[in-house]
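J.: Just model_27.cif, nothing more (mmCIF, C-alpha atoms and all ligand atoms):
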data_model
#
loop_
_atom_site.label_atom_id
_atom_site.label_comp_id
_atom_site.auth_asym_id
_atom_site.auth_seq_id
_atom_site.Cartn_x
_atom_site.Cartn_y
_atom_site.Cartn_z
CA MET A 1 149.74 57.42 26.74
CA VAL A 2 150.40 57.65 30.49
CA THR A 3 148.12 60.35 31.85
CA ARG A 4 148.45 62.40 35.04
CA LEU A 5 144.73 62.82 35.15
CA ASP A 6 141.53 61.25 36.33
CA ALA A 7 138.27 62.20 34.55
CA LYS A 8 136.84 63.05 37.99
CA MET A 9 139.09 66.14 38.03
CA PHE A 10 136.62 67.66 35.55
CA ASP A 11 133.55 67.06 37.73
CA SER A 12 131.66 70.21 38.69
CA GLU A 13 129.35 70.74 41.64
CA ALA A 14 126.79 72.71 39.64
CA GLU A 15 123.27 71.33 39.68
CA ASN A 16 122.53 69.62 36.35
CA THR A 17 119.16 70.53 34.80
CA TRP A 18 119.28 68.34 31.69
CA CYS A 19 116.34 65.91 31.34
CA PRO A 20 117.08 62.31 32.37
CA GLY A 21 118.17 60.41 29.25
CA CYS A 22 119.32 63.51 27.34
CA GLY A 23 122.20 62.78 24.94
CA ASP A 24 124.12 65.73 26.38
CA PHE A 25 125.13 63.64 29.44
CA ALA A 26 127.12 61.26 27.24
CA ILE A 27 128.74 64.16 25.38
CA LEU A 28 129.88 65.66 28.70
CA ARG A 29 131.32 62.30 29.78
CA SER A 30 133.07 61.76 26.46
CA LEU A 31 134.66 65.20 26.48
CA LYS A 32 136.01 64.55 29.98
CA MET A 33 137.32 61.16 28.82
CA ALA A 34 138.99 62.68 25.75
CA LEU A 35 140.73 65.41 27.76
CA THR A 36 141.85 62.87 30.34
CA ASP A 37 143.19 60.51 27.67
CA LEU A 38 145.08 63.39 26.05
CA ASP A 39 146.50 64.49 29.42
CA ILE A 40 144.97 67.96 29.15
CA ALA A 41 144.31 69.30 32.67
CA PRO A 42 141.34 71.55 33.56
CA HIS A 43 143.49 74.71 33.69
CA GLU A 44 144.90 73.97 30.21
CA ALA A 45 141.51 73.97 28.45
CA LEU A 46 138.80 76.53 27.77
CA VAL A 47 135.28 75.38 26.91
CA VAL A 48 133.19 78.06 25.19
CA SER A 49 129.46 77.72 24.55
CA GLY A 50 126.51 79.74 23.31
CA ILE A 51 122.93 79.51 24.60
CA GLY A 52 120.84 76.35 24.63
CA CYS A 53 120.47 73.13 26.61
CA GLY A 54 123.76 71.80 25.29
CA SER A 55 125.44 75.14 25.86
CA LYS A 56 125.06 74.67 29.62
CA LEU A 57 127.91 72.17 29.40
CA PRO A 58 130.78 74.44 30.58
CA ASP A 59 128.89 74.89 33.86
CA TYR A 60 128.89 71.13 34.35
CA MET A 61 132.67 70.81 33.99
CA HIS A 62 135.50 71.90 36.21
CA VAL A 63 137.43 73.73 33.50
CA ASN A 64 137.87 77.29 32.25
CA GLY A 65 134.44 78.08 30.82
CA TYR A 66 132.72 80.89 28.96
CA MET A 67 129.03 80.93 28.03
CA THR A 68 128.66 83.59 25.36
CA MET A 69 125.57 84.85 23.52
CA HIS A 70 123.37 82.66 21.33
CA GLY A 71 125.36 81.84 18.19
CA ARG A 72 128.56 83.60 19.19
CA PRO A 73 130.93 81.06 20.77
CA LEU A 74 133.14 80.64 17.68
CA PRO A 75 134.38 84.25 17.42
CA VAL A 76 134.88 84.41 21.19
CA ALA A 77 136.83 81.14 21.09
CA THR A 78 138.95 82.38 18.18
CA GLY A 79 139.76 85.53 20.14
CA ALA A 80 140.73 83.50 23.20
CA LYS A 81 142.97 81.29 21.07
CA LEU A 82 144.68 84.32 19.55
CA ALA A 83 145.26 85.85 22.99
CA ASN A 84 146.54 82.63 24.48
CA PRO A 85 147.54 80.06 21.84
CA ASP A 86 148.74 77.69 24.57
CA LEU A 87 145.13 77.12 25.66
CA GLN A 88 143.21 74.11 24.29
CA VAL A 89 140.07 75.85 23.09
CA ILE A 90 136.87 73.83 22.62
CA VAL A 91 133.47 75.13 21.54
CA VAL A 92 130.37 73.16 22.53
CA ASP A 93 126.96 74.33 21.31
CA GLY A 94 123.67 73.17 19.81
CA ASP A 95 122.58 72.85 16.18
CA GLY A 96 120.51 76.04 16.41
CA ASP A 97 123.44 77.91 17.93
CA ALA A 98 126.05 76.57 15.52
CA TYR A 99 124.20 76.24 12.21
CA GLY A 100 121.31 78.71 12.64
CA ILE A 101 122.04 82.00 14.34
CA GLY A 102 125.79 81.21 14.38
CA GLY A 103 125.89 79.86 10.82
CA ASN A 104 127.96 82.74 9.53
CA HIS A 105 130.65 82.11 12.15
CA PHE A 106 130.55 78.40 11.32
CA LEU A 107 131.24 79.07 7.63
CA HIS A 108 134.09 81.46 8.30
CA SER A 109 135.68 79.27 10.97
CA CYS A 110 135.80 76.46 8.39
CA ARG A 111 137.79 78.55 5.93
CA ARG A 112 139.78 80.50 8.55
CA ASN A 113 141.08 77.37 10.29
CA PRO A 114 141.75 78.51 13.88
CA ASN A 115 143.09 75.66 15.99
CA ILE A 116 139.88 75.09 17.93
CA THR A 117 137.60 72.09 18.32
CA HIS A 118 133.88 72.56 17.65
CA ILE A 119 131.52 69.97 19.14
CA VAL A 120 127.92 70.46 17.98
CA GLU A 121 125.20 68.78 20.05
CA ASP A 122 122.94 68.17 17.08
CA ASN A 123 119.50 67.14 18.34
CA GLN A 124 117.74 68.48 15.22
CA ILE A 125 115.61 70.79 17.37
CA TYR A 126 115.69 73.86 19.63
CA GLY A 127 115.58 72.13 23.01
CA LEU A 128 115.93 74.98 25.49
CA THR A 129 113.08 76.98 23.97
CA LYS A 130 110.83 73.91 24.06
CA GLY A 131 110.89 72.32 20.65
CA GLN A 132 110.94 74.53 17.57
CA TYR A 133 112.44 73.17 14.32
CA SER A 134 116.13 73.85 13.71
CA PRO A 135 118.33 74.02 10.59
CA THR A 136 118.99 70.26 10.80
CA SER A 137 115.35 69.24 11.34
CA ASP A 138 114.25 66.96 8.54
CA LEU A 139 111.73 68.02 5.90
CA GLY A 140 108.20 67.45 7.20
CA PHE A 141 109.26 67.52 10.88
CA VAL A 142 106.27 68.57 12.99
CA THR A 143 106.92 71.05 15.81
CA THR A 144 105.18 74.02 17.41
CA THR A 145 106.67 76.26 14.70
CA SER A 146 105.98 73.78 11.89
CA PRO A 147 102.58 72.27 12.80
CA ASP A 148 102.06 71.08 9.21
CA GLY A 149 105.64 69.79 8.93
CA ALA A 150 108.83 71.74 8.17
CA ILE A 151 108.80 72.97 4.57
CA GLU A 152 112.53 73.85 4.54
CA ARG A 153 115.02 71.16 3.54
CA SER A 154 117.51 70.36 6.27
CA LEU A 155 121.10 71.59 6.29
CA LEU A 156 123.78 68.90 5.92
CA PRO A 157 126.53 70.22 8.24
CA VAL A 158 129.21 67.83 6.96
CA ALA A 159 128.59 68.82 3.34
CA VAL A 160 128.58 72.52 4.23
CA ALA A 161 131.82 72.17 6.21
CA ILE A 162 133.54 70.46 3.27
CA ALA A 163 132.38 73.17 0.86
CA ALA A 164 133.53 75.90 3.26
CA GLY A 165 137.04 74.45 3.53
CA ALA A 166 137.07 72.80 6.97
CA THR A 167 140.19 70.73 7.61
CA PHE A 168 138.68 68.13 9.99
CA ILE A 169 135.08 66.94 9.86
CA ALA A 170 133.65 64.09 11.90
CA ARG A 171 130.32 62.74 13.05
CA THR A 172 129.60 60.63 16.10
CA PHE A 173 126.58 59.50 18.13
CA ALA A 174 125.69 60.16 21.76
CA GLY A 175 124.53 56.54 22.05
CA ASP A 176 128.12 55.35 21.59
CA PRO A 177 130.27 57.20 24.20
CA ARG A 178 133.49 55.31 23.39
CA HIS A 179 133.29 56.19 19.71
CA MET A 180 132.44 59.75 20.70
CA ALA A 181 135.43 60.07 23.08
CA ALA A 182 137.81 58.67 20.45
CA VAL A 183 136.50 61.03 17.74
CA ILE A 184 136.62 64.05 20.07
CA ALA A 185 140.22 63.18 21.00
CA GLU A 186 141.16 62.98 17.29
CA ALA A 187 139.51 66.34 16.73
CA ILE A 188 141.37 67.96 19.63
CA LYS A 189 144.68 66.61 18.32
CA HIS A 190 144.01 68.06 14.86
CA GLN A 191 145.86 71.30 14.17
CA GLY A 192 143.12 73.55 12.82
CA TYR A 193 139.35 73.97 13.00
CA SER A 194 137.74 70.61 13.68
CA LEU A 195 134.00 69.99 13.51
CA VAL A 196 132.45 67.12 15.45
CA ASP A 197 128.75 66.87 14.68
CA VAL A 198 127.20 64.71 17.42
CA LEU A 199 123.83 63.05 16.85
CA GLN A 200 122.27 63.86 20.22
CA PRO A 201 118.78 62.61 21.05
CA CYS A 202 116.54 65.18 22.77
CA VAL A 203 114.27 62.80 24.65
CA THR A 204 111.76 65.49 25.62
CA PHE A 205 110.98 67.43 22.44
CA ASN A 206 112.23 65.32 19.56
CA ARG A 207 110.15 62.13 19.49
CA VAL A 208 111.23 61.27 15.94
CA ASN A 209 115.04 61.24 16.02
CA THR A 210 115.31 58.96 19.03
CA TYR A 211 118.19 56.67 20.12
CA ASP A 212 116.49 53.87 18.18
CA TRP A 213 115.98 56.03 15.08
CA TYR A 214 119.72 56.74 14.98
CA ARG A 215 120.75 53.18 15.88
CA GLN A 216 118.79 51.85 12.91
CA ARG A 217 120.69 54.16 10.52
CA VAL A 218 124.22 54.85 11.76
CA TYR A 219 127.22 52.86 10.58
CA LYS A 220 130.96 53.29 11.21
CA LEU A 221 133.22 54.20 8.31
CA GLU A 222 135.11 51.15 7.07
CA ASP A 223 138.72 50.56 8.19
CA ASP A 224 139.98 51.18 4.65
CA TYR A 225 138.05 54.47 4.28
CA ASP A 226 140.52 57.26 3.46
CA PRO A 227 139.44 60.57 5.09
CA THR A 228 142.00 62.52 3.02
CA ASP A 229 140.11 61.61 -0.17
CA LEU A 230 137.96 64.69 -0.83
CA ASP A 231 135.72 62.99 -3.40
CA ALA A 232 135.03 60.09 -1.04
CA ALA A 233 134.23 62.57 1.75
CA ARG A 234 131.85 64.51 -0.50
CA ALA A 235 129.97 61.29 -1.30
CA ARG A 236 129.62 60.36 2.41
CA ALA A 237 128.60 63.93 3.31
CA TYR A 238 125.37 63.52 1.37
CA GLU A 239 124.45 60.22 3.03
CA TRP A 240 121.64 61.01 5.43
CA ALA A 241 118.44 59.47 6.78
CA ASP A 242 118.65 55.88 5.49
CA ARG A 243 122.37 55.42 6.21
CA ILE A 244 124.36 57.85 8.33
CA PRO A 245 128.17 57.49 8.42
CA LEU A 246 130.04 57.94 11.71
CA GLY A 247 133.74 58.67 12.09
CA VAL A 248 136.30 61.07 10.64
CA ILE A 249 134.78 61.85 7.26
CA TYR A 250 137.38 64.33 6.03
CA ARG A 251 140.75 65.61 7.14
CA ASN A 252 143.43 67.76 5.56
CA ASP A 253 146.59 68.21 7.61
CA GLU A 254 148.32 70.37 5.01
CA VAL A 255 146.63 73.71 5.78
CA GLN A 256 148.23 76.24 8.13
CA THR A 257 146.21 77.31 11.15
CA TYR A 258 144.94 80.87 11.46
CA GLU A 259 147.29 81.51 14.38
CA GLU A 260 150.32 80.32 12.42
CA GLN A 261 149.62 83.05 9.89
CA VAL A 262 149.03 85.90 12.35
CA LEU A 263 152.29 87.83 12.40
CA PRO A 264 152.38 89.02 16.04
CA LEU A 265 151.88 85.44 17.22
CA LYS A 266 155.18 84.43 15.66
CA ALA A 267 156.80 86.27 18.58
CA GLY A 268 155.03 83.96 21.04
CA SER A 269 151.91 84.01 23.17
CA PRO A 270 150.50 87.56 23.65
CA LEU A 271 149.17 86.55 27.05
CA ALA A 272 152.52 85.20 28.20
CA SER A 273 154.35 88.33 27.06
CA THR A 274 151.73 90.64 28.62
CA LEU A 275 151.94 88.88 31.94
CA LYS A 276 155.62 87.97 31.68
CA LEU A 277 154.56 84.56 32.92
CA GLN A 278 156.98 82.80 35.17
CA ALA A 279 157.15 79.14 36.06
CA GLU A 280 155.94 80.02 39.57
CA PRO A 281 153.17 82.70 39.34
CA ALA A 282 154.12 85.81 41.30
CA PRO A 283 151.53 87.17 43.75
CA GLY A 284 149.34 89.74 42.02
CA GLN A 285 150.75 89.11 38.53
CA TYR A 286 147.27 89.06 37.01
CA GLU A 287 146.16 92.34 38.64
CA PRO A 288 147.36 94.72 35.87
CA LEU A 289 145.60 92.60 33.26
CA LYS A 290 142.36 92.50 35.26
CA GLU A 291 142.48 96.28 35.66
CA GLN A 292 142.47 96.69 31.86
CA PHE A 293 139.09 94.98 31.72
CA LEU A 294 137.37 96.51 34.76
C1 LIG A 301 119.84 86.36 20.18
C2 LIG A 301 118.96 85.28 20.73
N1 LIG A 301 117.98 84.79 19.95
C3 LIG A 301 117.17 83.80 20.41
C4 LIG A 301 117.36 83.32 21.67
C5 LIG A 301 116.43 82.24 22.19
N2 LIG A 301 117.08 80.94 22.16
C6 LIG A 301 117.76 80.48 23.23
S1 LIG A 301 118.38 78.94 22.99
C7 LIG A 301 117.70 78.89 21.43
C8 LIG A 301 117.83 77.68 20.55
C9 LIG A 301 118.54 76.54 21.18
O1 LIG A 301 118.68 75.49 20.28
P1 LIG A 301 120.05 74.78 20.07
O2 LIG A 301 121.13 75.74 19.82
O3 LIG A 301 119.86 73.72 19.05
O4 LIG A 301 120.37 74.15 21.51
P2 LIG A 301 119.58 73.02 22.32
O5 LIG A 301 118.74 73.74 23.31
O6 LIG A 301 118.80 72.22 21.36
O7 LIG A 301 120.69 72.24 22.97
C10 LIG A 301 117.03 80.05 21.13
C11 LIG A 301 116.31 80.29 19.84
C12 LIG A 301 118.41 83.85 22.45
N3 LIG A 301 118.67 83.41 23.68
N4 LIG A 301 119.18 84.84 21.95
S1 LIG A 302 114.97 69.52 26.41
FE1 LIG A 302 116.02 67.97 25.14
S2 LIG A 302 118.10 68.79 24.78
FE2 LIG A 302 117.18 69.93 26.50
S3 LIG A 302 117.90 68.85 28.33
FE3 LIG A 302 115.88 68.01 27.81
S4 LIG A 302 116.34 66.22 26.52
FE4 LIG A 302 118.19 67.47 26.57
MG MG A 303 119.37 71.75 19.33
#
Could you write out this structure as structure tokens?
T.:
Amino acid sequence: MVTRLDAKMFDSEAENTWCPGCGDFAILRSLKMALTDLDIAPHEALVVSGIGCGSKLPDYMHVNGYMTMHGRPLPVATGAKLANPDLQVIVVDGDGDAYGIGGNHFLHSCRRNPNITHIVEDNQIYGLTKGQYSPTSDLGFVTTTSPDGAIERSLLPVAVAIAAGATFIARTFAGDPRHMAAVIAEAIKHQGYSLVDVLQPCVTFNRVNTYDWYRQRVYKLEDDYDPTDLDAARARAYEWADRIPLGVIYRNDEVQTYEEQVLPLKAGSPLASTLKLQAEPAPGQYEPLKEQFL
């Protein structure tokens, strides 16, 4: 595809506070690459996050951004998509945000199928709050909140997403930015809720699940793997620890999106009709809308 864009258009001037070597840097780069490759300009996308190290990402991109509360980016993103279906809405948050405190929203986004992309920076730990175990921490994982080793079995996000009815489920690895950019682009193109679980080393607090730990276990799904085969996807969803599959594990392109089923949206974008958007924005056209919120 010929693109109008350069990934540098997404660069932000905000000071970056991630630790050197953090997997989040590669996720940021890959998201910029994916948007550039898909010819989606900064004003055409909205990146919504929660709270956490990874959730600082919208600040580090020149794009419409919204940092919500811990665990709440999915409902906010769904609302934004309903108000302005023309916007490319992307949620980026951590494993604690997405699968812990936001787990309920995760489940219901899977079955609701809004056309939003959900990138989870899964470092198997709470990074921002300095290293407590998270829902994806492995059994026996030693942290400040599990000094004798975690006694809860870890959540398998891919398996949960399949069971909850998600229509696009993928996993990628922050140590492989090209694979990550390609998977994120596929997820953005998918019409419906798409989950991209990213194995993201936290070099400061997670000394177990390191780049090397992942490299020794990850493998790419074979060329003849069929992601529309639900039974095959279920089998791969339970592969963890010794062998971890990367790629698009499941997809179902037959399910209508949430927006397609919302009656008022059949008349077009609510935002466009509220603002009576014109090709050339008129001076002050956003003022009445702003007044409604002030
Ligand atoms: C309602 C609420 N509960 C708890 C917190 C404290 N808190 C902030 S970030 C966080 C966990 C972050 O972990 P994760 O989502 O995995 O992101 P990471 O920092 O690992 O990228 C917690 C518990 C909060 N800010 N708000
Ligand atoms: S604490 Fe971990 S997740 Fe947070 S910025 Fe540092 S390396 Fe990244
Ligand atoms: Mg985390």
J.: If we count all atoms listed in the file, what is near Leu271 in chain A at a cut-off of 10 Å, once residues fewer than 6 positions away on the same chain are taken out, given as an mmCIF file with C-alpha atoms, in the coordinates of the input?
T.:
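Dumped to selection_12.cif:
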data_model
loop_
_atom_site.group_PDB
_atom_site.id
_atom_site.type_symbol
_atom_site.label_atom_id
_atom_site.label_comp_id
_atom_site.auth_asym_id
_atom_site.auth_seq_id
_atom_site.Cartn_x
_atom_site.Cartn_y
_atom_site.Cartn_z
ATOM 1 C CA ALA A 80 140.730 83.500 23.200
ATOM 2 C CA LEU A 82 144.680 84.320 19.550
ATOM 3 C CA ALA A 83 145.260 85.850 22.990
ATOM 4 C CA ASN A 84 146.540 82.630 24.480
ATOM 5 C CA PRO A 85 147.540 80.060 21.840
ATOM 6 C CA ASP A 86 148.740 77.690 24.570
ATOM 7 C CA LEU A 277 154.560 84.560 32.920
ATOM 8 C CA LEU A 289 145.600 92.600 33.260
#
J.: Edge lengths and centre in Å to one decimal, as JSON, of the axis-aligned box that encloses all listed atoms of range 263-273 of chain A with 5 Å added on every side?
T.:
{"center_x": 153.0, "center_y": 86.5, "center_z": 20.3, "size_x": 17.6, "size_y": 15.1, "size_z": 25.8}
J.: Hey, which of A:Ala77, A:Ile116, A:Pro58, A:Pro201 ends up closest to ligand LIG 302 (chain A)? Count all atoms listed in the file.
T.: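 So, comparing all the options, the nearest one is A:Pro201.
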J.: Counting only C-alpha atoms and all ligand atoms, which residues of chain A sit at most 8 Å from some atom of ligand MG 303 (chain A), and what is each one's closest atom pair with its distance in Å to one decimal, listed by chain and rising residue number, as a Markdown table?
T.:
| residue | atom | partner | partner_atom | distance |
| --- | --- | --- | --- | --- |
| A:Gly52 | CA | A:MG303 | MG | 7.2 |
| A:Cys53 | CA | A:MG303 | MG | 7.5 |
| A:Gly54 | CA | A:MG303 | MG | 7.4 |
| A:Gly94 | CA | A:MG303 | MG | 4.6 |
| A:Asp95 | CA | A:MG303 | MG | 4.6 |
| A:Gly96 | CA | A:MG303 | MG | 5.3 |
| A:Asp97 | CA | A:MG303 | MG | 7.5 |
| A:Glu121 | CA | A:MG303 | MG | 6.6 |
| A:Asp122 | CA | A:MG303 | MG | 5.5 |
| A:Asn123 | CA | A:MG303 | MG | 4.7 |
| A:Gln124 | CA | A:MG303 | MG | 5.5 |
| A:Ile125 | CA | A:MG303 | MG | 4.3 |
| A:Tyr126 | CA | A:MG303 | MG | 4.3 |
| A:Gly127 | CA | A:MG303 | MG | 5.3 |
| A:Leu128 | CA | A:MG303 | MG | 7.8 |
| A:Ser134 | CA | A:MG303 | MG | 6.8 |
| A:Cys202 | CA | A:MG303 | MG | 7.9 |
J.: Put those residues in a file: C-alpha atoms, as a PDB file, in the coordinates of the input.
T.:
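Now in part00.pdb:
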ATOM      1  CA  GLY A  52     120.840  76.350  24.630  1.00  0.00           C
ATOM      2  CA  CYS A  53     120.470  73.130  26.610  1.00  0.00           C
ATOM      3  CA  GLY A  54     123.760  71.800  25.290  1.00  0.00           C
ATOM      4  CA  GLY A  94     123.670  73.170  19.810  1.00  0.00           C
ATOM      5  CA  ASP A  95     122.580  72.850  16.180  1.00  0.00           C
ATOM      6  CA  GLY A  96     120.510  76.040  16.410  1.00  0.00           C
ATOM      7  CA  ASP A  97     123.440  77.910  17.930  1.00  0.00           C
ATOM      8  CA  GLU A 121     125.200  68.780  20.050  1.00  0.00           C
ATOM      9  CA  ASP A 122     122.940  68.170  17.080  1.00  0.00           C
ATOM     10  CA  ASN A 123     119.500  67.140  18.340  1.00  0.00           C
ATOM     11  CA  GLN A 124     117.740  68.480  15.220  1.00  0.00           C
ATOM     12  CA  ILE A 125     115.610  70.790  17.370  1.00  0.00           C
ATOM     13  CA  TYR A 126     115.690  73.860  19.630  1.00  0.00           C
ATOM     14  CA  GLY A 127     115.580  72.130  23.010  1.00  0.00           C
ATOM     15  CA  LEU A 128     115.930  74.980  25.490  1.00  0.00           C
ATOM     16  CA  SER A 134     116.130  73.850  13.710  1.00  0.00           C
ATOM     17  CA  CYS A 202     116.540  65.180  22.770  1.00  0.00           C
TER      18      CYS A 202
END
J.: Find the residues near Arg243 in chain A: any atom within 8 Å, counting all atoms listed in the file, skip ones fewer than 5 places away on the same chain, and give them as a PDB file with C-alpha atoms, keeping the file's coordinate frame.
T.:
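To be explicit, this is the file written out as out-v9.pdb:
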ATOM      1  CA  ARG A 217     120.690  54.160  10.520  1.00  0.00           C
ATOM      2  CA  VAL A 218     124.220  54.850  11.760  1.00  0.00           C
ATOM      3  CA  TYR A 219     127.220  52.860  10.580  1.00  0.00           C
TER       4      TYR A 219
END
J.: Could you give me, as a ChimeraX atom specification, the residues within 12 Å of Asp197 in chain A, counting all atoms listed in the file and dropping anything in the same chain fewer than 6 positions from it?
T.: /A:27,91-95,98-99,117-124,136,156-161,168-174,180,183-184,187,237,244-249
J.: For ligand LIG 301 (chain A), which of A:Ile90, A:Cys19, A:Ile101, A:Cys110 is the closest residue, counting all atoms listed in the file?
T.: A:Ile101
J.: Write out as a list in words which residues come within 12 Å of Thr36 in chain A when counting only C-alpha atoms, dropping same-chain ones fewer than 6 positions away.
T.: Met1, Val2, Thr3, Arg4, Leu5, Asp6, Ala7, Lys8, Met9, Phe10, Asp11, Arg29, Ser30, Pro42, Glu44, Ala45, Ala181, Ala182, Ile184, Ala185 and Ile188 of chain A
J.: What is the distance between CA of Leu28 in chain A and CA of Ile51 in chain A, in Å to one decimal?
T.: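 Taking CA of Leu28 in chain A and CA of Ile51 in chain A, their separation equals 16.0 Å.
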J.: With only C-alpha atoms as the counted atoms, please give the residues lying no more than 6 Å from Ser154 in chain A, apart from itself and same-chain residues fewer than 6 positions off, as a PyMOL selection string.
T.: chain A and resi 135-138
J.: When you count all atoms listed in the file, which of these residues is closest to ligand LIG 302 (chain A): A:Ala26, A:Val47, A:Met69, A:Ala166?
T.: A:Ala26
J.: Using only C-alpha atoms and all ligand atoms, which of A:Phe106, A:Phe205, A:Trp240, A:Tyr193 sits nearest ligand LIG 301 (chain A)?
T.: A:Phe205
J.: Of the candidates A:Glu15, A:Asp24, A:Asp224, A:Asp231, which one gets nearest to ligand LIG 302 (chain A) if we count all atoms listed in the file?
T.: A:Asp24
J.: For ligand LIG 302 (chain A), which residue among A:His70, A:Lys189, A:His62, A:Lys130 is the nearest when counting only C-alpha atoms and all ligand atoms?
T.: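 That would be A:Lys130, the residue with the smallest distance to ligand LIG 302 (chain A).
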J.: In Å, how far is it from atom P2 of ligand LIG 301 (chain A) to CA of Asp39 in chain A?
T.: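 It comes out at 29.1 Å.
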J.: What is the CA of Val196 in chain A-CA of Ile162 in chain A distance in Å, reported with one decimal?
T.: 12.7 Å
J.: Please determine the residues with any atom at most 12 Å from (120.3, 52.0, 20.9) (coordinates as given in the file, with only C-alpha atoms counting) and report them as a PyMOL selection string.
T.: chain A and resi 23+173-177+201+209-218
